[in-house]
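S.K.: Next comes the structure file upload-v1.pdb, holding PDB, C-alpha atoms.
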ATOM      1  CA  THR T   1      53.216  29.413 -57.982
ATOM      2  CA  THR T   2      51.027  26.733 -56.572
ATOM      3  CA  ASP T   3      50.857  24.864 -53.316
ATOM      4  CA  SER T   4      48.940  21.808 -52.270
ATOM      5  CA  MET T   5      47.968  20.087 -49.076
ATOM      6  CA  ASP T   6      46.353  16.844 -48.132
ATOM      7  CA  LEU T   7      43.074  17.128 -46.308
ATOM      8  CA  THR T   8      41.542  14.164 -44.528
ATOM      9  CA  VAL T   9      37.804  14.123 -43.878
ATOM     10  CA  HIS T  10      36.822  11.632 -41.214
ATOM     11  CA  ASP T  11      33.443   9.994 -41.034
ATOM     12  CA  LEU T  12      31.359  10.894 -38.028
ATOM     13  CA  PRO T  13      31.310   8.202 -35.380
ATOM     14  CA  ILE T  14      28.275   5.946 -35.409
ATOM     15  CA  VAL T  15      26.460   6.616 -32.139
ATOM     16  CA  ASP T  16      23.558   4.654 -30.646
ATOM     17  CA  ALA T  17      21.726   5.853 -27.528
ATOM     18  CA  GLY T  18      19.729   2.622 -27.371
ATOM     19  CA  SER T  19      16.041   1.870 -27.649
ATOM     20  CA  ASP T  20      13.264   3.919 -26.141
ATOM     21  CA  THR T  21      12.356   2.594 -22.702
ATOM     22  CA  SER T  22      10.178   3.218 -19.684
ATOM     23  CA  PHE T  23      10.557   3.086 -15.904
ATOM     24  CA  CYS T  24       8.224   3.432 -12.962
ATOM     25  CA  GLU T  25       8.579   6.662 -11.022
ATOM     26  CA  ASP T  26       9.992   4.827  -7.984
ATOM     27  CA  ALA T  27      12.426   2.579  -9.917
ATOM     28  CA  GLY T  28      15.515   4.254  -8.468
ATOM     29  CA  VAL T  29      18.504   5.452 -10.436
ATOM     30  CA  GLN T  30      18.879   3.622 -13.755
ATOM     31  CA  ALA T  31      22.162   3.273 -15.659
ATOM     32  CA  LEU T  32      21.824   4.125 -19.349
ATOM     33  CA  ILE T  33      24.425   2.758 -21.762
ATOM     34  CA  GLY T  34      25.261   4.282 -25.117
ATOM     35  CA  ASN T  35      27.426   2.898 -27.875
ATOM     36  CA  PRO T  36      30.330   3.369 -28.290
ATOM     37  CA  LEU T  37      31.208   3.594 -24.610
ATOM     38  CA  GLY T  38      32.770   6.792 -23.337
ATOM     39  CA  GLY T  39      30.176   9.347 -24.405
ATOM     40  CA  VAL T  40      28.171  11.715 -22.236
ATOM     41  CA  TRP T  41      24.453  11.855 -21.517
ATOM     42  CA  SER T  42      22.328  14.964 -21.160
ATOM     43  CA  GLY T  43      18.680  15.795 -20.618
ATOM     44  CA  SER T  44      16.057  15.909 -17.887
ATOM     45  CA  GLY T  45      16.599  13.344 -15.160
ATOM     46  CA  ILE T  46      20.280  12.712 -15.944
ATOM     47  CA  VAL T  47      22.053  12.948 -12.590
ATOM     48  CA  ASP T  48      25.579  12.516 -13.973
ATOM     49  CA  SER T  49      26.951  12.645 -17.493
ATOM     50  CA  GLY T  50      27.924   8.975 -17.293
ATOM     51  CA  GLY T  51      24.300   8.002 -17.846
ATOM     52  CA  ASP T  52      22.589   7.696 -14.473
ATOM     53  CA  PHE T  53      18.908   8.579 -14.897
ATOM     54  CA  ASP T  54      16.663   9.194 -11.870
ATOM     55  CA  PRO T  55      12.944   8.838 -12.746
ATOM     56  CA  SER T  56      11.852  10.338  -9.425
ATOM     57  CA  SER T  57      13.709  13.569 -10.180
ATOM     58  CA  VAL T  58      11.468  14.375 -13.156
ATOM     59  CA  GLY T  59       8.121  12.670 -12.450
ATOM     60  CA  PRO T  60       5.720  11.114 -14.956
ATOM     61  CA  GLY T  61       6.152  12.019 -18.612
ATOM     62  CA  THR T  62       8.307  11.284 -21.658
ATOM     63  CA  TYR T  63      11.800  12.758 -21.835
ATOM     64  CA  THR T  64      14.222  12.866 -24.757
ATOM     65  CA  LEU T  65      17.773  12.128 -23.620
ATOM     66  CA  THR T  66      20.863  12.732 -25.736
ATOM     67  CA  TYR T  67      24.015  10.607 -25.909
ATOM     68  CA  THR T  68      27.000  12.470 -27.396
ATOM     69  CA  TYR T  69      30.268  10.791 -28.357
ATOM     70  CA  THR T  70      33.553  12.342 -29.463
ATOM     71  CA  ASP T  71      35.987  10.014 -31.252
ATOM     72  CA  GLY T  72      39.791  10.142 -31.396
ATOM     73  CA  ASN T  73      39.682  12.513 -34.383
ATOM     74  CA  SER T  74      37.567  15.023 -32.402
ATOM     75  CA  CYS T  75      34.564  14.183 -34.562
ATOM     76  CA  VAL T  76      31.326  14.507 -32.599
ATOM     77  CA  ASN T  77      27.989  12.797 -33.155
ATOM     78  CA  SER T  78      24.940  12.163 -31.002
ATOM     79  CA  ASP T  79      21.782  10.093 -30.808
ATOM     80  CA  THR T  80      18.624  10.377 -28.719
ATOM     81  CA  ARG T  81      16.264   8.035 -26.978
ATOM     82  CA  ASP T  82      12.914   8.662 -25.326
ATOM     83  CA  VAL T  83      12.474   7.570 -21.731
ATOM     84  CA  THR T  84       8.953   7.402 -20.368
ATOM     85  CA  VAL T  85       8.455   7.708 -16.628
ATOM     86  CA  ASN T  86       5.219   6.057 -15.511
ATOM     87  CA  GLY T  87       3.534   7.333 -12.373
ATOM     88  CA  LEU T  88       2.499   4.975  -9.603
ATOM     89  CA  PRO T  89      -1.118   3.817  -9.608
ATOM     90  CA  LEU T  90      -3.444   5.495  -7.127
ATOM     91  CA  VAL T  91      -4.432   2.836  -4.596
ATOM     92  CA  ASP T  92      -7.105   2.996  -1.899
ATOM     93  CA  ALA T  93      -7.562   0.142   0.563
ATOM     94  CA  GLY T  94     -10.589   1.831   2.128
ATOM     95  CA  SER T  95     -11.159   2.883   5.727
ATOM     96  CA  ASP T  96      -9.971   1.273   8.929
ATOM     97  CA  ILE T  97     -12.394  -1.312  10.322
ATOM     98  CA  THR T  98     -13.438  -2.638  13.721
ATOM     99  CA  GLU T  99     -14.772  -6.183  13.893
ATOM    100  CA  CYS T 100     -15.928  -8.517  16.645
ATOM    101  CA  ASN T 101     -13.814 -11.523  17.544
ATOM    102  CA  GLN T 102     -16.321 -13.997  16.107
ATOM    103  CA  SER T 103     -14.430 -15.627  13.189
ATOM    104  CA  ILE T 104     -17.008 -14.296  10.739
ATOM    105  CA  PRO T 105     -15.207 -13.500   7.468
ATOM    106  CA  VAL T 106     -15.411  -9.946   6.129
ATOM    107  CA  THR T 107     -14.680  -9.229   2.475
ATOM    108  CA  LEU T 108     -12.673  -6.062   1.859
ATOM    109  CA  GLY T 109     -12.547  -4.095  -1.345
ATOM    110  CA  GLY T 110      -9.726  -2.077  -2.777
ATOM    111  CA  VAL T 111      -9.427   0.419  -5.600
ATOM    112  CA  PRO T 112      -8.557  -0.225  -8.320
ATOM    113  CA  THR T 113      -9.877  -3.758  -8.330
ATOM    114  CA  GLY T 114      -7.504  -6.585  -9.095
ATOM    115  CA  GLY T 115      -4.999  -5.981  -6.321
ATOM    116  CA  VAL T 116      -3.754  -8.401  -3.695
ATOM    117  CA  TRP T 117      -4.290  -8.248   0.068
ATOM    118  CA  SER T 118      -1.738  -9.315   2.670
ATOM    119  CA  ASP T 119      -0.953  -8.926   6.362
ATOM    120  CA  GLN T 120       2.267  -8.907   8.332
ATOM    121  CA  TRP T 121       1.687 -12.542   9.349
ATOM    122  CA  SER T 122       1.988 -13.998   5.842
ATOM    123  CA  GLY T 123      -1.731 -14.105   5.190
ATOM    124  CA  ASN T 124      -2.839 -15.735   8.433
ATOM    125  CA  TYR T 125      -5.700 -13.257   8.817
ATOM    126  CA  ILE T 126      -6.526 -12.201   5.259
ATOM    127  CA  THR T 127      -6.616 -14.010   1.933
ATOM    128  CA  SER T 128      -5.047 -12.479  -1.152
ATOM    129  CA  GLY T 129      -8.605 -11.869  -2.392
ATOM    130  CA  GLY T 130      -9.424  -9.700   0.636
ATOM    131  CA  VAL T 131     -11.325 -12.019   2.978
ATOM    132  CA  PHE T 132     -10.395 -10.985   6.537
ATOM    133  CA  THR T 133     -11.242 -13.374   9.349
ATOM    134  CA  PRO T 134     -11.200 -11.739  12.785
ATOM    135  CA  ASN T 135      -9.654 -14.500  14.825
ATOM    136  CA  GLY T 136      -8.060 -13.059  17.930
ATOM    137  CA  LEU T 137      -8.132  -9.714  19.667
ATOM    138  CA  GLY T 138      -5.809  -6.967  18.566
ATOM    139  CA  THR T 139      -4.893  -4.568  15.827
ATOM    140  CA  PHE T 140      -3.915  -5.884  12.416
ATOM    141  CA  LEU T 141      -2.248  -4.000   9.597
ATOM    142  CA  LEU T 142      -3.733  -5.077   6.254
ATOM    143  CA  THR T 143      -2.043  -4.070   3.002
ATOM    144  CA  TYR T 144      -3.610  -3.754  -0.428
ATOM    145  CA  THR T 145      -1.081  -3.974  -3.289
ATOM    146  CA  TYR T 146      -1.912  -3.119  -6.879
ATOM    147  CA  THR T 147       0.260  -3.513  -9.994
ATOM    148  CA  ASP T 148      -0.809  -1.551 -13.078
ATOM    149  CA  SER T 149      -0.363  -2.457 -16.756
ATOM    150  CA  ASN T 150       3.058  -0.724 -16.799
ATOM    151  CA  GLY T 151       4.314  -2.941 -13.977
ATOM    152  CA  CYS T 152       4.262  -0.046 -11.504
ATOM    153  CA  VAL T 153       3.275  -1.047  -7.955
ATOM    154  CA  ASN T 154       1.708   0.911  -5.129
ATOM    155  CA  THR T 155       0.167  -0.034  -1.784
ATOM    156  CA  ASP T 156      -2.253   1.281   0.797
ATOM    157  CA  ASP T 157      -2.845   0.050   4.344
ATOM    158  CA  ILE T 158      -5.797  -0.131   6.662
ATOM    159  CA  THR T 159      -5.963  -1.119  10.300
ATOM    160  CA  ALA T 160      -8.373  -3.822  11.393
ATOM    161  CA  THR T 161      -9.145  -3.759  15.095
ATOM    162  CA  VAL T 162     -10.680  -6.911  16.544
ATOM    163  CA  VAL T 163     -12.574  -6.442  19.812
ATOM    164  CA  LEU T 164     -14.807  -8.491  22.095
ATOM    165  CA  PRO T 165     -18.441  -8.437  20.940
ATOM    166  CA  SER T 166     -19.369  -6.372  24.023
ATOM    167  CA  GLU T 167     -16.885  -3.650  22.921
ATOM    168  CA  ALA T 168     -18.115  -3.314  19.345
ATOM    169  CA  ASN T 169     -20.339  -0.316  19.973
TER     170      ASN T 169
END
Represent the structure of the file as structure tokens.
M.R.:
Amino acid sequence: TTDSMDLTVHDLPIVDAGSDTSFCEDAGVQALIGNPLGGVWSGSGIVDSGGDFDPSSVGPGTYTLTYTYTDGNSCVNSDTRDVTVNGLPLVDAGSDITECNQSIPVTLGGVPTGGVWSDQWSGNYITSGGVFTPNGLGTFLLTYTYTDSNGCVNTDDITATVVLPSEAN
């Protein structure tokens, strides 16, 4: 005797996790999208299987994330993508300063060079290039902002205190 049966072999679904990408460490939760929709994500930094990735939860480095999709025939396939988390640049605005109220400009530095200075009064006391003009008594918060080649931004503040010339010592 003989018997026969029909057997159907389904192709695996075509799955695409997307292109490799990068985020700054402080970018907040990022939504990753795989194709076709409806799969699940896994790997370091994935905060839910729907594809939310939190760069701050893993820190700087490169992480391989996996997107797995199961089609209507219960066929499963997956794809990976690398996500690079870039750390924030180290920024140093320098030390707090005390200056006399004499409207004599003082040039401030900042490390790394190439950043932008600002104050809480929209640049009324400091230029973007770091020239601070003590023009009025008080305490001024000066901010140095630097953006690195990855587009990651960090800041550092100093306090500038402006006093009468007789109080400078």
S.K.: Please list as a ChimeraX atom specification every residue within 10 Å of Ser128 in chain T, counting all atoms listed in the file and excluding residues in the same chain fewer than 4 positions away.
M.R.: /T:115-119,123,132,143-145
S.K.: Which residues are close to range 84-101 of chain T, i.e. within 7 Å by all atoms listed in the file, leaving aside same-chain residues fewer than 3 positions away? Reply as number ranges by chain.
M.R.: T: 21-25, 55, 59-63, 109-112, 134-137, 144, 146, 148, 152-165, 168
S.K.: I need the residues from that last selection saved to file as a compact mmCIF listing (two decimals), in the frame of the given file (with C-alpha atoms), if you can.
M.R.:
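Result written to again.txt:
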# COMPACT_ATOMS: atom_id res chain seq x y z
CA THR T 21 12.36 2.59 -22.70
CA SER T 22 10.18 3.22 -19.68
CA PHE T 23 10.56 3.09 -15.90
CA CYS T 24 8.22 3.43 -12.96
CA GLU T 25 8.58 6.66 -11.02
CA PRO T 55 12.94 8.84 -12.75
CA GLY T 59 8.12 12.67 -12.45
CA PRO T 60 5.72 11.11 -14.96
CA GLY T 61 6.15 12.02 -18.61
CA THR T 62 8.31 11.28 -21.66
CA TYR T 63 11.80 12.76 -21.84
CA GLY T 109 -12.55 -4.10 -1.34
CA GLY T 110 -9.73 -2.08 -2.78
CA VAL T 111 -9.43 0.42 -5.60
CA PRO T 112 -8.56 -0.22 -8.32
CA PRO T 134 -11.20 -11.74 12.78
CA ASN T 135 -9.65 -14.50 14.82
CA GLY T 136 -8.06 -13.06 17.93
CA LEU T 137 -8.13 -9.71 19.67
CA TYR T 144 -3.61 -3.75 -0.43
CA TYR T 146 -1.91 -3.12 -6.88
CA ASP T 148 -0.81 -1.55 -13.08
CA CYS T 152 4.26 -0.05 -11.50
CA VAL T 153 3.28 -1.05 -7.96
CA ASN T 154 1.71 0.91 -5.13
CA THR T 155 0.17 -0.03 -1.78
CA ASP T 156 -2.25 1.28 0.80
CA ASP T 157 -2.84 0.05 4.34
CA ILE T 158 -5.80 -0.13 6.66
CA THR T 159 -5.96 -1.12 10.30
CA ALA T 160 -8.37 -3.82 11.39
CA THR T 161 -9.14 -3.76 15.10
CA VAL T 162 -10.68 -6.91 16.54
CA VAL T 163 -12.57 -6.44 19.81
CA LEU T 164 -14.81 -8.49 22.10
CA PRO T 165 -18.44 -8.44 20.94
CA ALA T 168 -18.11 -3.31 19.34
S.K.: What separation in Å, quoted to one decimal, exists between CA of Ser149 in chain T and CA of Ser19 in chain T?
M.R.: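 It comes out at 20.2 Å.
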S.K.: Which residue is closest to Tyr69 in chain T? Choose from T:Val15, T:Val131, T:Leu32, T:Leu7 and count all atoms listed in the file.
M.R.: T:Val15
S.K.: Which is closest to Val76 in chain T among T:Gly18, T:Pro13, T:Gly34, T:Gly45, if we use all atoms listed in the file?
M.R.: T:Pro13
S.K.: CA of Asp79 in chain T to CA of Gly38 in chain T: how many Å, to one decimal?
M.R.: 13.7 Å
S.K.: Mind giving me the axis-aligned box for range 32-36 of chain T with 4 Å on every side, centre plus edges in Å to one decimal, as JSON?
M.R.:
{"center_x": 26.1, "center_y": 3.5, "center_z": -23.8, "size_x": 16.5, "size_y": 9.5, "size_z": 16.9}
